[in-house]
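File shown here: input06.txt, holding compact mmCIF, C-alpha atoms (C1' of nucleotides).
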# COMPACT_ATOMS: atom_id res chain seq x y z
CA MET A 188 2.70 -27.61 -14.96
CA TYR A 189 1.29 -24.10 -14.90
CA MET A 190 -2.06 -25.79 -14.55
CA SER A 191 -1.26 -26.05 -10.88
CA TYR A 192 -1.49 -22.31 -10.60
CA VAL A 193 -5.20 -21.93 -10.26
CA ARG A 194 -6.56 -19.10 -8.23
CA GLU A 195 -8.81 -21.22 -6.06
CA THR A 196 -5.97 -23.47 -4.96
CA SER A 197 -3.21 -20.89 -4.57
CA ALA A 198 -2.54 -20.32 -0.88
CA GLY A 199 -0.94 -16.95 -1.60
CA TYR A 200 -3.71 -15.69 -3.83
CA LEU A 201 -6.43 -16.71 -1.38
CA THR A 202 -4.55 -15.25 1.58
CA ASN A 203 -3.94 -11.91 -0.12
CA TRP A 204 -7.55 -11.73 -1.20
CA ALA A 205 -8.84 -12.50 2.27
CA ALA A 206 -6.44 -10.01 3.85
CA ARG A 207 -7.79 -7.19 1.69
CA LEU A 208 -11.35 -8.13 2.55
CA PHE A 209 -10.49 -8.12 6.27
CA ALA A 210 -8.95 -4.66 6.00
CA ARG A 211 -11.89 -3.28 4.03
CA ALA A 212 -14.41 -4.76 6.47
CA ILE A 213 -12.68 -3.15 9.43
CA GLU A 214 -12.25 0.21 7.73
CA ARG A 215 -15.90 0.32 6.73
CA ARG A 216 -16.74 0.05 10.42
CA LEU A 217 -14.20 2.62 11.58
CA ALA A 218 -15.69 5.66 9.81
CA GLY A 219 -12.58 7.55 8.89
CA GLY A 220 -10.26 5.27 10.82
CA ASN A 221 -7.75 3.00 9.17
CA SER A 222 -6.48 -0.47 9.90
CA GLY A 223 -2.78 0.45 10.02
CA PRO A 224 -2.80 1.58 13.66
CA MET A 225 -4.42 -1.70 14.75
CA PRO A 226 -1.19 -3.43 15.79
CA VAL A 227 -0.15 -0.29 17.67
CA PHE A 228 -3.49 -0.17 19.45
CA PHE A 229 -3.05 -3.79 20.35
CA ALA A 230 0.49 -3.40 21.65
CA LEU A 231 -0.24 -0.29 23.71
CA GLN A 232 -3.75 -1.13 24.84
CA ASP A 233 -3.77 -0.61 28.58
CA GLY A 234 -1.42 2.36 28.82
CA ARG A 235 1.77 0.48 28.03
CA ALA A 236 4.66 2.34 26.42
CA MET A 237 7.40 0.97 24.20
CA THR A 238 9.91 2.03 21.60
CA GLN A 239 9.25 2.27 17.89
CA LYS A 240 11.57 -0.65 17.32
CA ALA A 241 9.64 -2.89 19.69
CA LEU A 242 6.38 -1.87 18.00
CA ALA A 243 7.78 -2.70 14.58
CA GLN A 244 8.85 -6.12 15.79
CA LEU A 245 5.49 -6.86 17.38
CA ALA A 246 3.65 -5.73 14.26
CA ALA A 247 6.09 -7.64 12.06
CA VAL A 248 6.66 -4.65 9.81
CA GLU A 249 9.86 -2.89 8.85
CA GLN A 250 11.09 0.06 10.85
CA PRO A 251 10.24 2.76 8.28
CA THR A 252 6.71 1.40 7.98
CA MET A 253 6.19 1.75 11.71
CA ALA A 254 7.85 5.17 11.71
CA ASN A 255 5.33 6.40 9.14
CA THR A 256 2.37 4.86 10.92
CA LEU A 257 3.41 6.48 14.18
CA SER A 258 3.88 9.84 12.46
CA ARG A 259 0.35 9.72 11.14
CA MET A 260 -0.97 8.62 14.51
CA GLU A 261 0.91 11.45 16.21
CA ARG A 262 -0.44 13.92 13.65
CA ASP A 263 -3.94 12.64 14.46
CA GLY A 264 -3.39 12.89 18.20
CA LEU A 265 -3.48 9.15 18.84
CA VAL A 266 0.03 8.62 20.25
CA GLN A 267 2.66 10.66 22.02
CA ARG A 268 6.43 10.14 21.98
CA THR A 269 8.21 10.64 25.28
CA PRO A 270 11.98 11.09 24.92
CA ASP A 271 13.98 8.43 26.72
CA PRO A 272 16.27 10.24 29.20
CA ASN A 273 18.75 7.36 29.12
CA ASP A 274 19.03 7.17 25.33
CA ARG A 275 18.47 10.31 23.33
CA ARG A 276 18.08 8.33 20.10
CA SER A 277 14.98 6.65 21.42
CA ALA A 278 11.50 7.55 22.60
CA GLN A 279 8.77 5.71 24.44
CA VAL A 280 5.54 5.66 22.47
CA SER A 281 2.19 5.53 24.23
CA LEU A 282 -1.46 6.13 23.39
CA THR A 283 -3.12 9.42 24.21
CA LEU A 284 -6.58 9.47 25.77
CA LEU A 285 -8.00 9.81 22.27
CA GLY A 286 -5.83 6.92 21.17
CA LEU A 287 -7.13 4.73 23.99
CA GLU A 288 -10.69 5.53 22.93
CA ARG A 289 -10.01 4.73 19.32
CA ALA A 290 -8.29 1.52 20.33
CA LYS A 291 -11.43 0.34 22.11
CA ALA A 292 -13.56 1.10 19.06
CA ALA A 293 -11.05 -0.65 16.82
CA PHE A 294 -11.14 -3.79 18.96
CA VAL A 295 -14.91 -3.88 18.81
CA SER A 296 -14.77 -3.69 15.01
CA ALA A 297 -11.97 -6.22 14.77
CA ILE A 298 -13.80 -8.70 16.97
CA GLU A 299 -16.95 -8.25 14.93
CA VAL A 300 -15.13 -8.83 11.65
CA ASN A 301 -13.24 -11.81 13.03
CA GLY A 302 -16.59 -13.17 14.11
CA ILE A 303 -18.03 -12.85 10.63
CA ALA A 304 -15.06 -14.70 9.24
CA THR A 305 -14.94 -17.48 11.82
CA ASP A 306 -18.70 -17.97 11.59
CA ALA A 307 -17.91 -19.39 8.17
CA LEU A 308 -15.99 -22.13 9.97
CA ARG A 309 -17.42 -24.85 12.14
CA PRO A 310 -16.48 -24.35 15.80
CA GLU A 311 -14.10 -27.30 15.81
CA GLU A 312 -12.41 -25.96 12.69
CA ARG A 313 -11.42 -22.61 14.17
CA GLU A 314 -8.43 -23.73 16.19
CA VAL A 315 -7.35 -25.76 13.18
CA PHE A 316 -7.45 -22.62 11.05
CA TYR A 317 -5.36 -20.58 13.50
CA ASP A 318 -2.88 -23.40 13.76
CA MET A 319 -2.55 -23.75 9.98
CA MET A 320 -2.01 -20.01 9.64
CA ARG A 321 0.63 -19.98 12.35
CA ARG A 322 2.44 -22.87 10.65
CA ILE A 323 2.32 -21.14 7.25
CA ILE A 324 3.60 -17.91 8.81
CA ALA A 325 6.44 -19.80 10.49
CA ALA A 326 7.35 -21.52 7.23
CA LEU A 327 7.44 -18.24 5.29
CA GLU A 328 9.49 -16.56 8.01
CA ARG A 329 11.98 -19.41 7.89
CA ASP A 330 12.15 -18.91 4.13
CA ALA A 331 12.76 -15.18 4.59
CA ALA A 332 15.52 -15.88 7.10
CA THR A 333 17.45 -18.18 4.76
CA ASP A 334 18.97 -15.62 2.43
CA MET B 95 -14.00 -8.93 26.56
CA TYR B 96 -11.01 -7.42 24.81
CA MET B 97 -9.16 -10.48 26.03
CA SER B 98 -10.59 -12.20 23.00
CA TYR B 99 -8.48 -9.99 20.79
CA VAL B 100 -5.23 -11.82 20.94
CA ARG B 101 -2.95 -11.75 17.98
CA GLU B 102 -2.52 -15.48 17.72
CA THR B 103 -6.26 -16.09 17.54
CA SER B 104 -7.29 -13.17 15.37
CA ALA B 105 -8.17 -14.43 11.91
CA GLY B 106 -7.66 -10.99 10.41
CA TYR B 107 -4.31 -10.37 12.03
CA LEU B 108 -2.97 -13.77 11.02
CA THR B 109 -4.28 -13.42 7.48
CA ASN B 110 -2.78 -9.98 7.00
CA TRP B 111 0.52 -11.14 8.38
CA ALA B 112 0.64 -14.18 6.13
CA ALA B 113 -0.35 -12.13 3.08
CA ARG B 114 2.60 -9.79 3.60
CA LEU B 115 4.96 -12.73 3.96
CA PHE B 116 3.61 -14.27 0.75
CA ALA B 117 4.17 -11.03 -1.15
CA ARG B 118 7.67 -10.58 0.22
CA ALA B 119 8.60 -14.18 -0.57
CA ILE B 120 7.48 -13.81 -4.18
CA GLU B 121 9.16 -10.44 -4.66
CA ARG B 122 12.44 -11.72 -3.29
CA ARG B 123 12.35 -14.33 -6.04
CA LEU B 124 11.37 -11.95 -8.80
CA ALA B 125 14.50 -9.78 -8.73
CA GLY B 126 13.05 -6.40 -9.52
CA GLY B 127 9.62 -7.71 -10.28
CA ASN B 128 6.61 -7.03 -8.11
CA SER B 129 3.62 -9.08 -7.08
CA GLY B 130 0.99 -6.60 -8.26
CA PRO B 131 0.93 -7.83 -11.86
CA MET B 132 0.38 -11.44 -10.74
CA PRO B 133 -3.40 -11.45 -11.19
CA VAL B 134 -2.98 -9.84 -14.62
CA PHE B 135 -0.41 -12.47 -15.60
CA PHE B 136 -2.82 -15.13 -14.47
CA ALA B 137 -5.80 -13.72 -16.34
CA LEU B 138 -3.94 -13.13 -19.59
CA GLN B 139 -1.62 -16.13 -19.49
CA ASP B 140 -2.01 -17.79 -22.84
CA GLY B 141 -2.46 -14.74 -25.01
CA ARG B 142 -5.96 -13.88 -23.90
CA ALA B 143 -7.15 -10.27 -24.05
CA MET B 144 -9.77 -8.56 -21.94
CA THR B 145 -10.89 -5.15 -20.75
CA GLN B 146 -9.56 -3.35 -17.73
CA LYS B 147 -12.93 -3.77 -16.05
CA ALA B 148 -12.86 -7.54 -16.49
CA LEU B 149 -9.32 -7.66 -15.12
CA ALA B 150 -10.33 -5.64 -12.07
CA GLN B 151 -13.22 -8.01 -11.40
CA LEU B 152 -11.05 -11.11 -11.77
CA ALA B 153 -8.39 -9.65 -9.49
CA ALA B 154 -11.06 -8.47 -7.03
CA VAL B 155 -9.59 -4.99 -6.88
CA GLU B 156 -11.20 -1.63 -7.56
CA GLN B 157 -11.02 -0.10 -11.02
CA PRO B 158 -8.47 2.64 -10.21
CA THR B 159 -6.18 0.04 -8.64
CA MET B 160 -6.19 -1.99 -11.83
CA ALA B 161 -5.80 1.16 -13.95
CA ASN B 162 -2.61 2.04 -12.07
CA THR B 163 -1.25 -1.49 -12.20
CA LEU B 164 -1.83 -1.62 -15.95
CA SER B 165 -0.19 1.79 -16.41
CA ARG B 166 2.95 0.56 -14.65
CA MET B 167 2.88 -2.66 -16.64
CA GLU B 168 2.49 -0.71 -19.87
CA ARG B 169 5.33 1.59 -18.87
CA ASP B 170 7.46 -1.53 -18.28
CA GLY B 171 6.48 -3.07 -21.61
CA LEU B 172 4.50 -5.95 -20.12
CA VAL B 173 1.06 -5.22 -21.56
CA GLN B 174 -0.41 -3.44 -24.55
CA ARG B 175 -3.82 -1.78 -24.87
CA THR B 176 -5.63 -2.26 -28.16
CA PRO B 177 -8.49 0.21 -28.71
CA ASP B 178 -11.86 -1.45 -29.10
CA PRO B 179 -13.29 -0.38 -32.48
CA ASN B 180 -16.84 -0.96 -31.26
CA ASP B 181 -16.51 1.09 -28.08
CA ARG B 182 -14.10 3.97 -28.00
CA ARG B 183 -14.23 4.11 -24.20
CA SER B 184 -12.70 0.67 -23.91
CA ALA B 185 -9.53 -1.18 -24.83
CA GLN B 186 -8.50 -4.81 -24.92
CA VAL B 187 -5.49 -5.49 -22.73
CA SER B 188 -3.05 -8.28 -23.55
CA LEU B 189 0.45 -9.34 -22.58
CA THR B 190 3.41 -8.46 -24.76
CA LEU B 191 6.08 -11.08 -25.52
CA LEU B 192 8.05 -9.71 -22.58
CA GLY B 193 4.91 -9.90 -20.46
CA LEU B 194 4.39 -13.54 -21.39
CA GLU B 195 7.97 -14.30 -20.36
CA ARG B 196 7.61 -12.53 -17.06
CA ALA B 197 4.33 -14.31 -16.45
CA LYS B 198 6.05 -17.68 -16.75
CA ALA B 199 8.75 -16.64 -14.29
CA ALA B 200 6.13 -15.29 -11.92
CA PHE B 201 4.23 -18.57 -11.98
CA VAL B 202 7.37 -20.52 -11.18
CA SER B 203 8.00 -18.27 -8.16
CA ALA B 204 4.38 -18.37 -7.05
CA ILE B 205 4.27 -22.14 -7.23
CA GLU B 206 7.49 -22.38 -5.25
CA VAL B 207 6.23 -20.06 -2.54
CA ASN B 208 2.87 -21.80 -2.38
CA GLY B 209 4.80 -25.02 -1.98
CA ILE B 210 6.77 -23.67 0.96
CA ALA B 211 3.54 -22.62 2.60
CA THR B 212 1.60 -25.80 1.96
CA ASP B 213 4.53 -27.94 3.03
CA ALA B 214 3.72 -26.64 6.49
CA LEU B 215 0.39 -28.44 6.18
CA ARG B 216 -0.18 -32.17 6.10
CA PRO B 217 -1.34 -33.33 2.65
CA GLU B 218 -4.84 -34.06 3.84
CA GLU B 219 -5.05 -30.60 5.40
CA ARG B 220 -4.40 -28.67 2.22
CA GLU B 221 -7.82 -28.96 0.64
CA VAL B 222 -9.28 -28.11 4.03
CA PHE B 223 -7.22 -24.93 4.12
CA TYR B 224 -8.33 -23.82 0.65
CA ASP B 225 -11.90 -24.57 1.54
CA MET B 226 -11.73 -22.59 4.78
CA MET B 227 -10.20 -19.63 2.97
CA ARG B 228 -12.85 -19.72 0.27
CA ARG B 229 -15.58 -19.79 2.92
CA ILE B 230 -14.03 -16.86 4.81
CA ILE B 231 -13.71 -14.89 1.58
CA ALA B 232 -17.33 -15.60 0.73
CA ALA B 233 -18.44 -14.50 4.20
CA LEU B 234 -16.50 -11.24 4.02
CA GLU B 235 -17.82 -10.52 0.54
CA ARG B 236 -21.35 -11.06 1.74
CA ASP B 237 -20.62 -8.62 4.54
CA ALA B 238 -19.27 -6.06 2.05
CA ALA B 239 -22.36 -6.46 -0.11
CA THR B 240 -24.79 -5.72 2.72
CA ASP B 241 -24.38 -1.98 3.04
C1' DG C 261 39.80 9.12 26.23
C1' DG C 262 39.16 8.51 21.50
C1' DC C 263 37.50 6.17 17.38
C1' DG C 264 35.13 2.68 14.75
C1' DA C 265 31.01 -0.13 14.90
C1' DT C 266 26.42 -0.56 16.20
C1' DT C 267 21.87 1.10 17.18
C1' DA C 268 17.52 4.06 16.81
C1' DC C 269 15.14 6.71 14.08
C1' DA C 270 14.11 9.66 9.88
C1' DT C 271 13.68 10.45 4.97
C1' DA C 272 13.26 9.52 -0.02
C1' DG C 273 11.21 6.98 -3.42
C1' DC C 274 8.34 3.42 -5.08
C1' DA C 275 4.32 -0.20 -5.40
C1' DC C 276 -0.31 -1.24 -4.53
C1' DA C 277 -4.62 -0.64 -2.25
C1' DC C 278 -8.60 2.47 -1.32
C1' DT C 279 -12.34 6.54 -2.03
C1' DA C 280 -13.92 10.45 -4.51
C1' DT C 281 -14.40 12.56 -8.58
C1' DG C 282 -14.24 13.95 -13.54
C1' DG C 283 -14.34 13.26 -18.78
C1' DA C 284 -15.76 10.93 -22.77
C1' DT C 285 -18.68 7.69 -24.91
C1' DT C 286 -22.59 4.77 -25.29
C1' DT C 287 -27.34 3.45 -24.12
C1' DA C 288 -32.00 4.25 -23.20
C1' DA C 289 -36.05 6.83 -22.48
C1' DA C 290 -39.15 10.66 -23.41
C1' DT D 82 -34.10 12.96 -31.83
C1' DT D 83 -32.67 14.88 -28.09
C1' DT D 84 -31.41 14.43 -23.54
C1' DA D 85 -30.66 11.95 -19.23
C1' DA D 86 -28.57 7.89 -17.33
C1' DA D 87 -25.23 4.53 -17.34
C1' DT D 88 -20.65 2.81 -18.48
C1' DC D 89 -15.47 2.78 -19.13
C1' DC D 90 -11.51 4.75 -17.93
C1' DA D 91 -8.33 8.40 -15.85
C1' DT D 92 -6.75 11.36 -12.14
C1' DA D 93 -6.10 13.21 -7.43
C1' DG D 94 -5.20 12.29 -2.85
C1' DT D 95 -4.24 9.20 0.98
C1' DG D 96 -2.74 5.03 3.69
C1' DT D 97 0.24 1.07 4.26
C1' DG D 98 3.92 -1.63 2.89
C1' DC D 99 8.75 -2.19 1.05
C1' DT D 100 14.13 -1.05 0.12
C1' DA D 101 17.91 2.05 0.33
C1' DT D 102 20.07 5.44 2.63
C1' DG D 103 21.31 9.16 5.96
C1' DT D 104 21.92 11.25 10.79
C1' DA D 105 22.64 11.26 15.46
C1' DA D 106 23.63 8.92 19.60
C1' DT D 107 25.57 5.09 22.12
C1' DC D 108 28.73 1.26 22.87
C1' DG D 109 32.96 -1.14 22.94
C1' DC D 110 37.58 -1.86 22.31
C1' DC D 111 42.30 -0.22 22.09
Please go through the file and, once you have read it, give me the structure as structure tokens.
Amino acid sequence: MYMSYVRETSAGYLTNWAARLFARAIERRLAGGNSGPMPVFFALQDGRAMTQKALAQLAAVEQPTMANTLSRMERDGLVQRTPDPNDRRSAQVSLTLLGLERAKAAFVSAIEVNGIATDALRPEEREVFYDMMRRIIAALERDAATD
Amino acid sequence: MYMSYVRETSAGYLTNWAARLFARAIERRLAGGNSGPMPVFFALQDGRAMTQKALAQLAAVEQPTMANTLSRMERDGLVQRTPDPNDRRSAQVSLTLLGLERAKAAFVSAIEVNGIATDALRPEEREVFYDMMRRIIAALERDAATD
DNA sequence: GGCGATTACATAGCACACTATGGATTTAAA
DNA sequence: TTTAAATCCATAGTGTGCTATGTAATCGCC
């Protein structure tokens, strides 16, 4: 029974392991930069602005996680928060000029690392991999929703 | 160029996302338990004992990460450290009775969550998925080694 | 218009991952 | 044998994720 829990055939174990290697590979290339802002860079790439809540949803993290990430990014001069005149609870978040620069560098690193990973797959396997991941994500989100 | 960085076709983004969902799914089932001790449970399942260094290597985490995990587990009564008489720098780590119990429960949860994930794949796809993950992990580890 | 419910965000506290660094012990080389 | 290098572990500091909770503003219903 517990025999079935072998590292090499545990989807969760392999996924967690790979995720840490992805993060390390990107951070090695970012020289002082971190991988946490990546989803924010992605969401706000070409000058877009959105609320913290929308960013959290896009990044699929909880609201306090995004709040902390944005605080660090603001501290580091990567984003600015513009108060929403229509709703004083809310603010529009956007990248600063420095943030836009860092976003470009982050994309270059991310594309490079993704390339290293997908080079381990045959070309015809790549779409299959993305599709499997999307199905696993959907299954785990359904599980999370049924509480 | 940056067009190629789309969330749905970024191996790193998808992997990170899935890894967080795996961890959340397991922790929801553990009722107060966390997913950090999982690799330790796995390595020490049937009463085995090994050094912190060996555990860190098996779990593929850095030494301070494992040191902290073991400290929390010791605090919670899950592991014990037996000083090595031959080498006073080192200690053999093993699970306590409580640790062995928790390990069993953790395996049940992990197997259930892995099942939810792999149910999203057709039976003949599952080995393909494991194989792809192992190849991606190997590629990223080669990248990390070439510094 | 006023009041309860909802919404947006912040804060506190913890787990788990990393790098950088230090202390104690053991090993190896001069 | 003495000393330098290597090894094992601990600690400090930070980032990223979570849950639980609080505060302020807005919305909606009477």
Output the coordinates of chain B after least-squares fitting to chain A on all in-order C-alpha pairs, as a short mmCIF file (atom, residue, chain, number, x, y, z; two decimals) with C-alpha atoms, in the frame of the given file.
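Output below, filename superposed-v9.cif:
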data_model
loop_
_atom_site.label_atom_id
_atom_site.label_comp_id
_atom_site.auth_asym_id
_atom_site.auth_seq_id
_atom_site.Cartn_x
_atom_site.Cartn_y
_atom_site.Cartn_z
CA MET B 95 2.80 -27.56 -14.96
CA TYR B 96 1.36 -24.07 -14.83
CA MET B 97 -1.98 -25.80 -14.51
CA SER B 98 -1.17 -26.06 -10.84
CA TYR B 99 -1.43 -22.30 -10.56
CA VAL B 100 -5.13 -21.92 -10.25
CA ARG B 101 -6.52 -19.10 -8.23
CA GLU B 102 -8.77 -21.22 -6.08
CA THR B 103 -5.92 -23.47 -4.97
CA SER B 104 -3.19 -20.89 -4.57
CA ALA B 105 -2.53 -20.32 -0.89
CA GLY B 106 -0.93 -16.96 -1.58
CA TYR B 107 -3.68 -15.68 -3.82
CA LEU B 108 -6.40 -16.71 -1.39
CA THR B 109 -4.54 -15.25 1.57
CA ASN B 110 -3.94 -11.93 -0.13
CA TRP B 111 -7.53 -11.73 -1.21
CA ALA B 112 -8.84 -12.48 2.26
CA ALA B 113 -6.44 -9.99 3.85
CA ARG B 114 -7.79 -7.19 1.66
CA LEU B 115 -11.35 -8.12 2.54
CA PHE B 116 -10.49 -8.11 6.25
CA ALA B 117 -8.97 -4.64 5.99
CA ARG B 118 -11.90 -3.27 4.02
CA ALA B 119 -14.41 -4.76 6.45
CA ILE B 120 -12.69 -3.15 9.42
CA GLU B 121 -12.27 0.22 7.72
CA ARG B 122 -15.91 0.33 6.72
CA ARG B 123 -16.74 0.03 10.41
CA LEU B 124 -14.22 2.59 11.58
CA ALA B 125 -15.74 5.61 9.83
CA GLY B 126 -12.64 7.54 8.91
CA GLY B 127 -10.31 5.30 10.82
CA ASN B 128 -7.79 3.03 9.18
CA SER B 129 -6.52 -0.44 9.93
CA GLY B 130 -2.83 0.49 10.02
CA PRO B 131 -2.82 1.58 13.67
CA MET B 132 -4.42 -1.71 14.77
CA PRO B 133 -1.18 -3.43 15.79
CA VAL B 134 -0.13 -0.29 17.69
CA PHE B 135 -3.49 -0.19 19.48
CA PHE B 136 -3.03 -3.81 20.38
CA ALA B 137 0.51 -3.41 21.67
CA LEU B 138 -0.21 -0.30 23.73
CA GLN B 139 -3.73 -1.15 24.86
CA ASP B 140 -3.71 -0.66 28.59
CA GLY B 141 -1.39 2.31 28.82
CA ARG B 142 1.80 0.47 28.03
CA ALA B 143 4.70 2.34 26.42
CA MET B 144 7.44 0.99 24.20
CA THR B 145 9.95 2.04 21.58
CA GLN B 146 9.27 2.30 17.89
CA LYS B 147 11.60 -0.63 17.30
CA ALA B 148 9.66 -2.87 19.67
CA LEU B 149 6.40 -1.85 18.01
CA ALA B 150 7.79 -2.67 14.57
CA GLN B 151 8.88 -6.11 15.78
CA LEU B 152 5.51 -6.85 17.38
CA ALA B 153 3.66 -5.73 14.27
CA ALA B 154 6.11 -7.65 12.05
CA VAL B 155 6.65 -4.65 9.81
CA GLU B 156 9.86 -2.88 8.84
CA GLN B 157 11.07 0.09 10.85
CA PRO B 158 10.22 2.80 8.27
CA THR B 159 6.69 1.40 7.99
CA MET B 160 6.17 1.77 11.71
CA ALA B 161 7.83 5.21 11.71
CA ASN B 162 5.30 6.43 9.14
CA THR B 163 2.35 4.85 10.91
CA LEU B 164 3.39 6.49 14.18
CA SER B 165 3.86 9.85 12.45
CA ARG B 166 0.29 9.71 11.12
CA MET B 167 -0.99 8.60 14.51
CA GLU B 168 0.88 11.44 16.20
CA ARG B 169 -0.47 13.90 13.66
CA ASP B 170 -3.98 12.60 14.48
CA GLY B 171 -3.40 12.87 18.23
CA LEU B 172 -3.48 9.12 18.88
CA VAL B 173 0.02 8.61 20.26
CA GLN B 174 2.67 10.64 22.02
CA ARG B 175 6.44 10.15 21.97
CA THR B 176 8.26 10.67 25.26
CA PRO B 177 12.03 11.13 24.87
CA ASP B 178 14.06 8.49 26.66
CA PRO B 179 16.37 10.29 29.12
CA ASN B 180 18.85 7.41 29.02
CA ASP B 181 19.11 7.23 25.24
CA ARG B 182 18.57 10.35 23.22
CA ARG B 183 18.12 8.33 20.02
CA SER B 184 15.01 6.67 21.37
CA ALA B 185 11.54 7.58 22.59
CA GLN B 186 8.81 5.74 24.44
CA VAL B 187 5.57 5.67 22.48
CA SER B 188 2.21 5.52 24.24
CA LEU B 189 -1.44 6.10 23.42
CA THR B 190 -3.10 9.39 24.24
CA LEU B 191 -6.58 9.44 25.83
CA LEU B 192 -8.00 9.78 22.33
CA GLY B 193 -5.82 6.89 21.21
CA LEU B 194 -7.12 4.70 24.02
CA GLU B 195 -10.68 5.49 22.97
CA ARG B 196 -10.01 4.71 19.36
CA ALA B 197 -8.28 1.50 20.36
CA LYS B 198 -11.42 0.31 22.13
CA ALA B 199 -13.55 1.07 19.08
CA ALA B 200 -11.05 -0.66 16.84
CA PHE B 201 -11.14 -3.80 18.97
CA VAL B 202 -14.92 -3.90 18.83
CA SER B 203 -14.78 -3.70 15.02
CA ALA B 204 -11.98 -6.24 14.77
CA ILE B 205 -13.81 -8.71 16.96
CA GLU B 206 -16.96 -8.27 14.91
CA VAL B 207 -15.15 -8.84 11.63
CA ASN B 208 -13.26 -11.82 13.01
CA GLY B 209 -16.61 -13.18 14.08
CA ILE B 210 -18.05 -12.84 10.59
CA ALA B 211 -15.07 -14.70 9.22
CA THR B 212 -14.98 -17.47 11.78
CA ASP B 213 -18.73 -17.96 11.55
CA ALA B 214 -17.94 -19.37 8.13
CA LEU B 215 -16.03 -22.13 9.92
CA ARG B 216 -17.48 -24.86 12.08
CA PRO B 217 -16.54 -24.37 15.75
CA GLU B 218 -14.17 -27.31 15.76
CA GLU B 219 -12.46 -25.96 12.65
CA ARG B 220 -11.48 -22.62 14.13
CA GLU B 221 -8.50 -23.73 16.17
CA VAL B 222 -7.39 -25.75 13.16
CA PHE B 223 -7.49 -22.62 11.03
CA TYR B 224 -5.41 -20.58 13.49
CA ASP B 225 -2.95 -23.41 13.76
CA MET B 226 -2.60 -23.75 9.99
CA MET B 227 -2.05 -20.01 9.64
CA ARG B 228 0.57 -19.99 12.36
CA ARG B 229 2.39 -22.87 10.67
CA ILE B 230 2.30 -21.14 7.28
CA ILE B 231 3.58 -17.93 8.83
CA ALA B 232 6.39 -19.81 10.53
CA ALA B 233 7.32 -21.52 7.26
CA LEU B 234 7.41 -18.25 5.33
CA GLU B 235 9.47 -16.58 8.04
CA ARG B 236 11.95 -19.41 7.94
CA ASP B 237 12.14 -18.92 4.19
CA ALA B 238 12.75 -15.18 4.65
CA ALA B 239 15.49 -15.88 7.17
CA THR B 240 17.44 -18.17 4.85
CA ASP B 241 18.99 -15.64 2.50
#
Interface list for chain C, partner chain B, 10 Å threshold, only C-alpha atoms (C1' of nucleotides), as a list of chain:residue names: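 Only these qualify: C:DA275, C:DC276, C:DA277, C:DC278, C:DT279, C:DA284, C:DT285, C:DT286.
One finds CA of Leu208 in chain A at 17.2 Å from CA of Val295 in chain A.
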Kindly provide, as number ranges by chain, the residues of chain A having any atom no farther than 9 Å from an atom of chain B, counting all atoms listed in the file. A: 189, 191-212, 215, 226, 229, 246-247, 291, 294-295, 297-298, 300-308, 312-314, 316-328, 330-331
Provide an axis-aligned box for all listed atoms of range 261-276 of chain C, padding each side by 4 Å; report its centre and its edge lengths in Å to one decimal, as lines of an AutoDock Vina configuration file.
center_x = 19.7
center_y = 4.6
center_z = 10.4
size_x = 48.1
size_y = 19.7
size_z = 39.6
Could you please give me, as a ChimeraX atom specification, the residues of protein, DNA or RNA lying at most 12 Å from (38.1, 8.4, 22.2) in the coordinate frame of the file, considering all atoms listed in the file? /C:261-264 /D:108-111
Please return, as a count of residues only, all residues of chain D lying within 8 Å of chain B when all atoms listed in the file are considered. 3
State, in Å with one decimal place, the distance from CA of Val173 in chain B to CA of Leu149 in chain B. 12.5 Å
Between CA of Asp263 in chain A and CA of Leu287 in chain A, distance in Å (one decimal):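 Computed distance, CA of Asp263 in chain A to CA of Leu287 in chain A, equals 12.8 Å.
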